[in-house]
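Visitor: As input, take input.cif (mmCIF, C-alpha atoms):
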data_data
#
loop_
_atom_site.label_atom_id
_atom_site.label_comp_id
_atom_site.auth_asym_id
_atom_site.auth_seq_id
_atom_site.Cartn_x
_atom_site.Cartn_y
_atom_site.Cartn_z
CA MET A 204 13.56 6.00 22.94
CA SER A 205 15.52 8.20 20.53
CA LEU A 206 14.16 9.74 17.33
CA LEU A 207 16.46 7.48 15.32
CA MET A 208 14.82 4.42 16.90
CA VAL A 209 11.39 5.78 16.00
CA VAL A 210 12.52 6.21 12.41
CA LEU A 211 13.98 2.68 12.37
CA GLU A 212 10.98 1.01 13.97
CA THR A 213 8.45 2.77 11.73
CA ALA A 214 10.64 1.92 8.73
CA VAL A 215 10.71 -1.76 9.74
CA SER A 216 6.95 -1.71 10.21
CA MET A 217 6.47 -0.02 6.83
CA PHE A 218 8.78 -2.55 5.20
CA ILE A 219 6.89 -5.55 6.66
CA VAL A 220 3.49 -4.24 5.53
CA THR A 221 4.87 -3.32 2.11
CA LEU A 222 6.18 -6.86 1.65
CA LEU A 223 2.85 -8.31 2.78
CA ALA A 224 0.77 -6.07 0.48
CA TYR A 225 3.07 -6.57 -2.50
CA GLY A 226 3.07 -10.33 -1.87
CA LEU A 227 -0.74 -10.28 -1.91
CA TYR A 228 -0.65 -8.39 -5.21
CA LEU A 229 1.70 -10.94 -6.77
CA TYR A 230 -0.53 -13.75 -5.49
CA SER A 231 -3.59 -12.08 -7.03
CA VAL A 232 -1.84 -11.71 -10.38
CA LYS A 233 -0.78 -15.37 -10.28
CA VAL A 234 -4.29 -16.58 -9.47
CA THR A 235 -6.09 -14.40 -12.02
CA LYS A 236 -3.62 -15.24 -14.81
CA SER A 237 -5.28 -18.59 -15.43
CA PHE A 238 -8.70 -17.18 -16.31
CA SER A 239 -7.89 -13.72 -17.70
CA ARG A 240 -8.04 -13.30 -21.47
CA LYS A 241 -5.79 -10.76 -23.12
CA THR A 242 -7.56 -8.76 -25.79
CA ARG A 243 -6.39 -5.76 -27.76
CA GLU A 244 -9.27 -3.59 -26.62
CA LYS A 245 -8.51 -4.10 -22.94
CA VAL A 246 -5.05 -2.63 -23.16
CA LEU A 247 -5.93 0.44 -25.20
CA ILE A 248 -5.90 3.84 -23.53
CA TYR A 249 -9.37 4.67 -22.22
CA ALA A 250 -10.71 7.84 -23.82
CA CYS A 251 -14.50 7.59 -23.47
CA GLY A 252 -14.91 5.75 -26.78
CA GLU A 253 -12.61 8.03 -28.78
CA ASP A 254 -9.68 6.64 -30.74
CA ILE A 255 -6.59 8.13 -29.18
CA THR A 256 -2.93 7.61 -29.95
CA GLU A 257 -0.20 7.44 -27.33
CA LYS A 258 1.03 10.84 -28.41
CA GLU A 259 -2.41 12.36 -27.97
CA ALA A 260 -2.67 10.84 -24.52
CA LEU A 261 0.24 12.95 -23.32
CA LEU A 262 -0.66 16.36 -21.99
CA ALA A 263 1.01 19.65 -22.77
CA ASP A 264 2.58 21.47 -19.83
CA ARG A 265 -0.03 24.19 -20.05
CA HIS A 266 -2.69 21.73 -18.85
CA LEU A 267 -0.77 20.82 -15.75
CA PHE A 268 -0.78 22.44 -12.37
CA THR A 269 1.24 25.58 -13.17
CA THR A 270 -1.76 26.93 -15.09
CA ILE A 271 -4.03 26.54 -12.08
CA TRP A 272 -1.59 28.45 -9.91
CA ASN A 273 -1.31 31.20 -12.50
CA GLU A 274 -5.09 31.49 -12.69
CA VAL A 275 -5.57 31.53 -8.93
CA PHE A 276 -2.94 34.19 -8.31
CA LYS A 277 -3.77 36.23 -11.42
CA PRO A 278 -5.26 39.12 -9.39
CA LEU A 279 -1.89 39.53 -7.66
CA TYR A 280 0.02 39.63 -10.95
CA ASP A 281 -2.57 41.92 -12.51
CA SER A 282 -2.36 44.54 -9.77
CA LEU A 283 1.45 44.42 -9.80
CA ARG A 284 1.57 44.65 -13.58
CA GLY A 285 -0.67 47.72 -13.53
CA LYS A 286 1.65 49.43 -11.06
CA VAL A 287 4.92 48.52 -12.78
CA HIS A 288 3.91 49.12 -16.41
CA THR A 289 2.64 52.71 -16.18
CA GLY A 290 4.87 53.91 -19.01
CA ILE A 291 6.72 56.24 -16.64
CA LEU A 292 10.40 55.38 -16.34
CA ASN A 293 10.60 56.49 -12.71
CA ASP A 294 7.92 53.98 -11.70
CA TRP A 295 9.81 51.20 -13.39
CA PHE A 296 13.06 52.26 -11.67
CA PHE A 297 11.30 52.36 -8.31
CA TRP A 298 10.09 48.74 -8.61
CA MET A 299 13.42 47.49 -9.87
CA PHE A 300 15.18 49.30 -7.01
CA LEU A 301 12.72 47.69 -4.57
CA ALA A 302 13.41 44.25 -6.03
CA LEU A 303 17.17 44.89 -5.68
CA ILE A 304 16.78 45.93 -2.03
CA ILE A 305 14.74 42.79 -1.31
CA ALA A 306 17.37 40.60 -3.01
CA TYR A 307 20.21 42.26 -1.04
CA THR A 308 18.28 41.93 2.22
CA ILE A 309 17.74 38.20 1.64
CA ILE A 310 21.44 37.73 0.79
CA ILE A 311 22.53 39.62 3.93
CA VAL A 312 20.06 37.76 6.17
CA LEU A 313 21.28 34.43 4.80
CA GLY A 314 24.88 35.33 5.68
CA GLY A 315 26.20 37.02 2.55
CA VAL A 316 28.23 35.60 -0.30
CA SER A 317 31.48 33.86 0.59
CA GLY A 318 34.64 34.10 -1.49
CA MET B 289 18.98 -10.05 24.70
CA ALA B 290 15.62 -11.60 25.66
CA ASN B 291 14.21 -8.10 26.02
CA GLY B 292 15.39 -7.20 22.51
CA ILE B 293 13.77 -10.32 20.99
CA PHE B 294 10.54 -9.62 22.87
CA GLU B 295 10.48 -6.01 21.58
CA THR B 296 11.11 -7.17 18.01
CA LEU B 297 8.31 -9.73 18.24
CA MET B 298 6.00 -7.09 19.69
CA LEU B 299 6.82 -4.76 16.80
CA VAL B 300 6.16 -7.47 14.20
CA GLY B 301 2.97 -8.56 15.98
CA GLU B 302 1.69 -5.01 16.20
CA THR B 303 2.51 -4.37 12.57
CA LEU B 304 0.76 -7.49 11.34
CA ILE B 305 -2.15 -7.88 13.78
CA TYR B 306 -3.07 -5.09 16.21
CA PRO B 307 -3.19 -2.17 15.51
CA GLY B 308 -1.54 -3.07 12.20
CA ALA B 309 -2.64 -4.86 9.05
CA VAL B 310 -5.42 -7.20 10.27
CA PHE B 311 -7.08 -4.73 12.64
CA SER B 312 -6.77 -1.91 10.10
CA PHE B 313 -8.48 -4.09 7.50
CA ILE B 314 -11.39 -4.75 9.85
CA VAL B 315 -11.69 -1.05 10.77
CA ALA B 316 -11.39 -0.08 7.07
CA ILE B 317 -14.30 -2.40 6.24
CA PHE B 318 -16.39 -1.01 9.08
CA THR B 319 -15.52 2.61 8.17
CA GLN B 320 -16.39 2.13 4.52
CA TRP B 321 -19.68 0.41 5.43
CA PHE B 322 -20.59 3.12 7.95
CA ARG B 323 -19.71 5.93 5.54
CA ARG B 324 -21.69 4.36 2.69
CA LYS B 325 -24.68 3.64 4.92
CA ALA B 326 -24.72 7.12 6.48
CA TYR B 327 -24.21 8.79 3.08
CA ALA B 328 -27.05 6.75 1.60
CA ARG B 329 -29.42 7.54 4.48
CA MET B 330 -28.63 11.26 4.10
CA GLN B 331 -29.68 10.96 0.45
CA ASN B 332 -32.81 8.94 1.29
CA ARG B 333 -31.32 5.68 -0.03
CA MET B 334 -30.78 2.32 1.68
CA GLY B 335 -27.03 1.87 1.15
CA PRO B 336 -25.44 -1.61 1.46
CA THR B 337 -28.11 -4.09 2.56
CA TYR B 338 -27.64 -7.65 1.34
CA THR B 339 -24.18 -8.91 2.29
CA GLY B 340 -23.89 -9.61 6.03
CA LEU B 341 -25.99 -8.07 8.78
CA ALA B 342 -27.34 -4.75 7.41
CA GLY B 343 -24.78 -4.95 4.60
CA THR B 344 -21.78 -4.83 6.94
CA LEU B 345 -19.81 -7.29 4.80
CA GLN B 346 -20.43 -5.46 1.51
CA PRO B 347 -17.02 -3.67 1.57
CA PHE B 348 -15.35 -7.04 2.30
CA ALA B 349 -17.17 -8.60 -0.67
CA ASP B 350 -16.07 -5.67 -2.85
CA TYR B 351 -12.45 -6.10 -1.81
CA VAL B 352 -12.52 -9.85 -2.50
CA LYS B 353 -14.17 -9.31 -5.87
CA LEU B 354 -11.59 -6.70 -6.94
CA PHE B 355 -8.73 -8.77 -5.59
CA PHE B 356 -9.63 -11.70 -7.84
CA LYS B 357 -10.21 -9.64 -10.95
CA GLU B 358 -7.72 -9.31 -13.74
CA ASP B 359 -5.04 -6.67 -13.35
CA ILE B 360 -5.26 -4.93 -16.73
CA VAL B 361 -2.11 -3.05 -17.71
CA ILE B 362 -2.59 -0.73 -20.68
CA ILE B 363 -0.08 -0.03 -23.45
CA ARG B 364 3.06 1.65 -22.07
CA GLY B 365 1.63 1.38 -18.58
CA TYR B 366 3.67 0.04 -15.67
CA ALA B 367 2.57 -3.29 -14.19
CA LYS B 368 4.46 -3.70 -10.92
CA LEU B 369 5.66 -0.21 -9.98
CA PRO B 370 2.18 1.16 -9.13
CA ALA B 371 1.47 -1.92 -7.00
CA PHE B 372 4.75 -1.44 -5.12
CA LEU B 373 4.02 2.26 -4.53
CA LEU B 374 0.55 1.40 -3.26
CA ALA B 375 2.04 -1.21 -0.93
CA LEU B 376 4.47 1.42 0.40
CA ALA B 377 1.62 3.84 1.07
CA ILE B 378 -0.28 1.17 3.03
CA GLY B 379 2.92 0.48 4.98
CA ALA B 380 3.37 4.18 5.79
CA LEU B 381 -0.18 4.51 7.10
CA ILE B 382 0.10 1.42 9.28
CA ALA B 383 3.45 2.62 10.65
CA ILE B 384 1.72 5.78 11.93
CA LEU B 385 -0.65 3.63 14.00
CA LEU B 386 2.31 2.42 16.06
CA MET B 387 2.91 6.03 17.14
CA LEU B 388 -0.59 6.45 18.57
CA PRO B 389 -1.84 5.44 22.03
CA ILE B 390 -4.02 2.63 20.59
CA SER B 391 -0.80 0.68 20.17
CA PRO B 392 0.10 -1.45 23.25
CA TYR B 393 3.82 -0.90 22.61
CA SER B 394 3.92 2.65 21.30
CA VAL B 395 6.87 3.96 19.34
CA TYR B 396 7.65 7.51 20.43
CA ALA B 397 10.43 9.99 21.03
CA PRO B 398 10.83 13.77 21.28
CA TYR B 399 10.06 15.50 17.96
CA ASP B 400 8.56 12.35 16.40
CA ILE B 401 5.79 14.52 14.92
CA ILE B 402 8.24 15.07 12.03
CA VAL B 403 8.24 11.33 11.30
CA ALA B 404 4.43 11.23 11.49
CA ALA B 405 4.12 14.20 9.10
CA TYR B 406 6.51 12.51 6.68
CA LEU B 407 4.55 9.25 6.76
CA LEU B 408 1.23 11.07 6.32
CA ILE B 409 2.36 12.54 2.99
CA TRP B 410 3.25 9.13 1.47
CA PRO B 411 -0.27 8.11 0.38
CA THR B 412 -0.88 11.46 -1.33
CA LEU B 413 2.35 11.25 -3.30
CA THR B 414 1.59 7.64 -4.24
CA LEU B 415 -1.89 8.50 -5.53
CA ALA B 416 -0.46 11.43 -7.49
CA ALA B 417 2.26 9.22 -9.00
CA LEU B 418 -0.36 6.70 -10.20
CA GLY B 419 -1.79 9.13 -12.74
CA PHE B 420 1.61 9.86 -14.25
CA LEU B 421 2.46 6.14 -14.52
CA THR B 422 -0.15 5.52 -17.20
CA PRO B 423 -0.32 7.27 -20.59
CA SER B 424 -3.82 8.57 -19.96
CA PRO B 425 -4.97 12.20 -20.32
CA TYR B 426 -7.42 11.69 -17.45
CA GLY B 427 -4.72 10.24 -15.23
CA ALA B 428 -2.30 13.10 -15.89
CA LEU B 429 -5.00 15.73 -15.39
CA GLY B 430 -6.20 14.06 -12.18
CA SER B 431 -2.67 13.83 -10.79
CA SER B 432 -2.01 17.43 -11.75
CA ARG B 433 -5.12 18.51 -9.88
CA LEU B 434 -4.18 16.35 -6.91
CA LEU B 435 -0.68 17.86 -6.72
CA THR B 436 -2.16 21.34 -6.96
CA LEU B 437 -4.47 20.64 -4.05
CA THR B 438 -1.70 18.90 -2.10
CA ILE B 439 0.29 22.11 -1.85
CA ALA B 440 -2.67 23.69 -0.09
CA TYR B 441 -4.28 20.98 2.05
CA GLU B 442 -1.14 19.21 3.28
CA VAL B 443 0.10 22.56 4.59
CA ALA B 444 -3.24 23.25 6.28
CA PHE B 445 -3.51 19.76 7.80
CA LEU B 446 0.05 19.78 9.09
CA ILE B 447 -0.30 23.24 10.65
CA SER B 448 -3.63 22.23 12.19
CA ILE B 449 -2.24 19.13 13.91
CA LEU B 450 0.81 21.10 15.05
CA THR B 451 -1.33 23.44 17.16
CA PRO B 452 -2.31 20.88 19.87
CA VAL B 453 1.18 19.36 19.67
CA VAL B 454 2.79 22.76 20.33
CA LEU B 455 0.31 23.54 23.12
CA ALA B 456 0.85 20.12 24.71
CA ASN B 457 4.60 20.70 24.57
CA ARG B 458 4.53 24.23 26.01
CA ILE B 459 2.05 23.56 28.77
CA LEU B 460 2.42 19.85 29.54
CA GLY B 461 5.95 19.09 28.29
CA ALA B 462 4.96 16.62 25.58
CA GLN B 463 8.25 17.21 23.68
CA TYR B 464 6.59 17.46 20.23
CA SER B 465 5.76 13.77 20.37
CA LEU B 466 2.59 12.53 18.69
CA TYR B 467 2.09 9.86 21.35
CA LEU B 468 2.66 12.13 24.38
CA SER B 469 0.56 14.93 22.86
CA SER B 470 -2.24 12.41 22.28
CA ILE B 471 -2.04 11.25 25.90
CA TYR B 472 -2.14 14.77 27.39
CA SER B 473 -4.33 16.56 24.85
CA TRP B 474 -7.50 16.22 26.96
CA LEU B 475 -5.90 18.54 29.55
CA LEU B 476 -5.91 21.35 26.97
CA TRP B 477 -9.73 21.37 27.16
CA THR B 478 -9.53 22.21 30.88
CA ASN B 479 -7.95 25.62 30.12
CA PRO B 480 -10.62 28.08 28.82
CA VAL B 481 -7.97 30.23 27.07
CA LEU B 482 -6.87 27.32 24.87
CA ILE B 483 -10.33 26.08 23.90
CA PRO B 484 -10.86 28.59 21.01
CA LEU B 485 -7.46 27.64 19.58
CA ILE B 486 -8.30 23.93 19.72
CA ILE B 487 -11.70 24.54 18.10
CA ILE B 488 -10.21 26.63 15.27
CA SER B 489 -7.50 24.08 14.53
CA LEU B 490 -10.04 21.23 14.79
CA LEU B 491 -12.23 22.88 12.15
CA THR B 492 -9.30 23.53 9.81
CA ALA B 493 -8.05 19.97 10.36
CA LEU B 494 -11.47 18.52 9.49
CA ILE B 495 -11.78 20.58 6.31
CA SER B 496 -8.25 19.84 5.15
CA LEU B 497 -8.81 16.15 5.98
CA GLN B 498 -11.90 16.19 3.78
CA CYS B 499 -9.64 17.48 1.00
CA LYS B 500 -6.94 14.92 1.82
CA LEU B 501 -9.53 12.15 1.43
CA LEU B 502 -10.67 13.63 -1.91
CA GLU B 503 -14.26 13.78 -0.73
CA LYS B 504 -16.81 16.38 -1.74
CA PRO B 505 -16.42 19.33 -2.12
CA PHE B 506 -12.77 18.51 -2.85
CA ASP B 507 -13.15 15.44 -5.09
CA ILE B 508 -11.74 17.47 -7.96
CA PRO B 509 -8.89 15.07 -8.92
CA GLU B 510 -11.39 12.25 -9.56
CA ALA B 511 -14.35 14.32 -10.79
CA GLU B 512 -16.06 11.55 -12.75
CA GLN B 513 -18.18 13.80 -15.00
CA GLU B 514 -15.03 15.55 -16.23
CA ILE B 515 -12.06 13.20 -16.02
CA VAL B 516 -13.58 9.73 -15.37
CA ALA B 517 -11.63 8.65 -12.27
CA GLY B 518 -8.58 10.92 -12.56
CA PRO B 519 -5.35 9.20 -11.51
CA PHE B 520 -7.20 5.87 -11.01
CA THR B 521 -8.82 5.67 -14.47
CA GLU B 522 -6.60 2.94 -15.86
CA TYR B 523 -6.34 0.81 -12.72
CA SER B 524 -8.36 -2.32 -12.08
CA GLY B 525 -8.36 -5.52 -10.02
CA PRO B 526 -5.99 -5.71 -7.04
CA LYS B 527 -4.54 -2.24 -7.68
CA LEU B 528 -8.00 -0.69 -7.50
CA ALA B 529 -8.62 -2.69 -4.30
CA PHE B 530 -5.41 -1.19 -2.85
CA ILE B 531 -6.47 2.33 -3.90
CA ILE B 532 -9.83 1.94 -2.12
CA PHE B 533 -8.10 0.38 0.88
CA ILE B 534 -5.68 3.33 1.09
CA HIS B 535 -8.64 5.70 1.05
CA ASP B 536 -10.35 3.81 3.89
CA ILE B 537 -7.24 3.40 5.98
CA GLU B 538 -6.28 7.06 5.44
CA GLN B 539 -9.67 8.03 6.82
CA TYR B 540 -9.12 5.68 9.76
CA VAL B 541 -5.61 6.90 10.63
CA ASN B 542 -6.29 10.63 10.17
CA SER B 543 -9.62 10.48 12.02
CA LEU B 544 -7.86 8.69 14.85
CA ILE B 545 -5.21 11.43 14.97
CA ILE B 546 -8.03 14.00 15.23
CA VAL B 547 -9.69 11.96 18.00
CA PHE B 548 -6.50 11.82 20.04
CA LEU B 549 -5.07 15.29 19.38
CA PHE B 550 -8.23 17.40 19.31
CA LEU B 551 -11.02 15.45 21.00
CA GLY B 552 -9.13 14.30 24.06
CA GLY B 553 -8.68 10.61 23.18
CA VAL B 554 -9.90 8.42 26.06
CA ALA B 555 -11.20 11.37 28.15
CA PRO B 556 -13.36 11.44 30.28
CA PHE B 557 -12.24 7.87 31.15
CA VAL B 558 -8.52 8.60 31.55
CA GLU B 559 -8.39 6.57 34.76
CA GLY B 560 -11.38 4.42 33.82
CA PRO B 561 -11.61 0.74 32.79
CA LEU B 562 -10.21 -0.36 29.44
CA TRP B 563 -13.62 -1.17 27.90
CA ALA B 564 -14.84 2.37 28.68
CA GLN B 565 -11.71 3.86 27.06
CA ILE B 566 -12.17 1.72 23.93
CA LEU B 567 -15.85 2.63 23.77
CA VAL B 568 -15.24 6.37 24.09
CA VAL B 569 -12.51 6.35 21.41
CA ALA B 570 -14.82 4.35 19.10
CA ILE B 571 -17.69 6.80 19.64
CA LYS B 572 -15.45 9.81 18.97
CA TYR B 573 -14.08 8.09 15.86
CA ILE B 574 -17.60 7.45 14.56
CA VAL B 575 -18.53 11.08 15.22
CA VAL B 576 -15.53 12.30 13.17
CA VAL B 577 -16.41 9.95 10.29
CA LEU B 578 -20.05 11.03 10.49
CA VAL B 579 -19.12 14.74 10.33
CA LEU B 580 -16.93 14.12 7.28
CA THR B 581 -19.74 12.13 5.63
CA TRP B 582 -22.22 14.87 6.48
CA ILE B 583 -20.02 17.50 4.77
CA LYS B 584 -19.75 15.18 1.76
CA ALA B 585 -23.52 14.76 1.52
CA MET B 586 -24.24 18.44 2.03
CA VAL B 587 -22.10 20.22 -0.55
CA ALA B 588 -21.37 20.15 -4.27
CA ARG B 589 -17.94 19.94 -5.83
CA PHE B 590 -15.71 23.03 -6.00
CA ARG B 591 -13.77 23.98 -9.09
CA VAL B 592 -10.05 23.55 -8.54
CA ASP B 593 -9.39 27.31 -8.36
CA GLN B 594 -12.27 27.75 -5.88
CA ALA B 595 -10.85 24.98 -3.68
CA ILE B 596 -7.37 26.49 -3.70
CA LYS B 597 -8.70 29.96 -2.99
CA MET B 598 -10.73 28.62 -0.09
CA LEU B 599 -7.82 26.68 1.36
CA TRP B 600 -5.23 29.46 0.98
CA LYS B 601 -7.54 32.36 1.83
CA TYR B 602 -9.31 30.91 4.86
CA ILE B 603 -8.10 27.50 6.02
CA VAL B 604 -4.31 28.00 5.92
CA PRO B 605 -4.40 31.52 7.51
CA LEU B 606 -6.82 30.32 10.21
CA SER B 607 -4.70 27.30 11.06
CA LEU B 608 -1.56 29.48 10.97
CA PHE B 609 -3.22 32.00 13.28
CA ALA B 610 -4.02 29.23 15.79
CA LEU B 611 -0.46 27.91 15.57
CA ILE B 612 1.17 31.34 16.01
CA VAL B 613 -1.06 32.20 18.97
CA SER B 614 -0.32 28.80 20.52
CA THR B 615 3.42 29.51 20.32
CA VAL B 616 3.18 32.90 22.06
CA ILE B 617 0.30 32.39 24.51
#
How would this structure read if it were set down as structure tokens?
Guide:
Amino acid sequence: MSLLMVVLETAVSMFIVTLLAYGLYLYSVKVTKSFSRKTREKVLIYACGEDITEKEALLADRHLFTTIWNEVFKPLYDSLRGKVHTGILNDWFFWMFLALIIAYTIIIVLGGVSG
Amino acid sequence: MANGIFETLMLVGETLIYPGAVFSFIVAIFTQWFRRKAYARMQNRMGPTYTGLAGTLQPFADYVKLFFKEDIVIIRGYAKLPAFLLALAIGALIAILLMLPISPYSVYAPYDIIVAAYLLIWPTLTLAALGFLTPSPYGALGSSRLLTLTIAYEVAFLISILTPVVLANRILGAQYSLYLSSIYSWLLWTNPVLIPLIIISLLTALISLQCKLLEKPFDIPEAEQEIVAGPFTEYSGPKLAFIIFIHDIEQYVNSLIIVFLFLGGVAPFVEGPLWAQILVVAIKYIVVVLVLTWIKAMVARFRVDQAIKMLWKYIVPLSLFALIVSTVI
């Protein structure tokens, strides 16, 4: 069996189960429609008893995952910042030169710039 | 022509009955019951007791109850898209079962581990998407935490399962196939040089699986004291039933992968009768579920930064070490 056949057969299998599960969901919605009562309170955003508007329910970017990454890797940034920002121009030049060498190395390893 | 029709029917039958939807549902019910019972006994509680023999039908009763409850869709929330995504995730998990040796007509080819890895990520992405599909601060925070963890544990889990696959390919010619690696993996335990590598990758796989299942100490995305239920806060009725089902079936599929890749599958009854092979796989599966439940009962929840530090500082490097050594040994 080729890899393409594996992809096709797993895709077919996934498609069949998806149809089955989604069909069950639609059936459940149809059945429960007859006895469910729509109330205003049910459809409000849950906020542990607080009144919350839609705008307040949206989060600022700073609460999302980038912050966690910044916090976790803060020791790395801190040590680098201490070494780069010594106030001595030569130190700054050294780090910038290092960054340039790394950038050139990556470009050369990846095959250079065409045109 | 007749052969093609037979193969198609086999594929449909396997997808719907064994080892597909129906069988997975039964195993999911058993797994949830066993996990709840074991967890309760570890905490000096009784666990499910009333429904069925020793409470075995309690998860089934829970599913039926949720399935016939109202599907509440909050303001600006999506009604059908989350259900479709959940259905896709269930489909992806069941498709992986066809690539394992429990399937009578296994689907396999060289390098199919890539397909398996792709399918394994579906449920995580679905659960993360759920939080962003409702205008809820708890949902968004939970999904954000889940995505943060994903970048760590998916890497660790993938690298961990690659180690036996690479070893099986280099030594036994398994061609990076999940099925062939599962068949031959027991032979890796016969070589004393490879045993430490298998043990290291088994440990990292178990810990990253615990994180993948969002169980303690990694239940950060749904930490109920902080963010209610995280991405699942605003979901009820059939969608909540699907979410719980995905959790159970994810435990089933991933534990089965660990049984076949790391614990030797049907060994020591490779040439033995079918009932002995089924029994030994079932026992190994129960042991894996028990170990995961034991970890859950034993530890408290990490903070998100502690979890990431642990995964990136210890689990990922350890699994990477095992993988690198397995490629050069």
Visitor: When you draw a straight line from CA of Val575 in chain B to CA of Ile545 in chain B, how long is it in Å?
Guide: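 The value is 13.3 Å.
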Visitor: Starting from chain A, keep only residues with some atom at most 7 Å from an atom of chain B, counting all atoms listed in the file, and report them as a VMD selection string.
Guide: chain A and resid 204 to 206 209 to 210 213 216 to 218 220 to 221 224 to 225 228 231 to 232 235 239 246 to 248 257 260 to 262 267 to 268 271 275
Visitor: What is the distance between CA of Met330 in chain B and CA of Phe313 in chain B, in Å to one decimal?
Guide: 25.6 Å
Visitor: Taking into account only C-alpha atoms, which residue in the set B:Phe533, B:Thr412, B:Pro452, B:Glu503 is nearest to Phe348 in chain B?
Guide: B:Phe533
Visitor: Box for range 323-326 of chain B: with edges along x, y and z, all listed atoms inside and 8 Å added on each side, what are the centre and edge lengths in Å to one decimal, as JSON?
Guide:
{"center_x": -22.2, "center_y": 5.4, "center_z": 4.6, "size_x": 21.0, "size_y": 19.5, "size_z": 19.8}
Visitor: At most 12 Å from (-6.8, 17.2, 26.9), file frame, all atoms listed in the file: which residues, as an NGL selection string?
Guide: :B and (452-453 or 455-456 or 459-460 or 462 or 468-480 or 482-483 or 486 or 547-558)
Visitor: Rounded to one decimal, what separation in Å do you get between CA of Lys353 in chain B and CA of Gln498 in chain B?
Guide: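 Pair CA of Lys353 in chain B / CA of Gln498 in chain B returns 27.4 Å.
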Visitor: Name all residues at most 10 Å from Ala588 in chain B (count only C-alpha atoms; drop same-chain ones fewer than 3 positions away) and give them as a PDB file with C-alpha atoms, in the coordinates of the input.
Guide:
ATOM      1  CA  LYS B 504     -16.810  16.380  -1.740  1.00  0.00           C
ATOM      2  CA  PRO B 505     -16.420  19.330  -2.120  1.00  0.00           C
ATOM      3  CA  PHE B 506     -12.770  18.510  -2.850  1.00  0.00           C
ATOM      4  CA  ASP B 507     -13.150  15.440  -5.090  1.00  0.00           C
ATOM      5  CA  ILE B 583     -20.020  17.500   4.770  1.00  0.00           C
ATOM      6  CA  LYS B 584     -19.750  15.180   1.760  1.00  0.00           C
ATOM      7  CA  ALA B 585     -23.520  14.760   1.520  1.00  0.00           C
ATOM      8  CA  ARG B 591     -13.770  23.980  -9.090  1.00  0.00           C
TER       9      ARG B 591
END
Visitor: Here's the selection I'm unsure about, the PyMOL selection byres ((chain B and resi 611-613) around 9); applied to the file above, which residues does it give, as a ChimeraX atom specification?
Guide: /B:447-448,450-452,454-455,485,489,606-610,614-617
Visitor: On this file, the PyMOL selection byres ((chain B and resi 520) around 8) gives some set of residues; write that set as a list in words.
Guide: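 Evaluating the PyMOL selection byres ((chain B and resi 520) around 8) on these coordinates yields Leu418, Gly419, Gly427, Glu510, Ala517, Gly518, Pro519, Thr521, Glu522, Tyr523, Leu528 and Ile531 of chain B.
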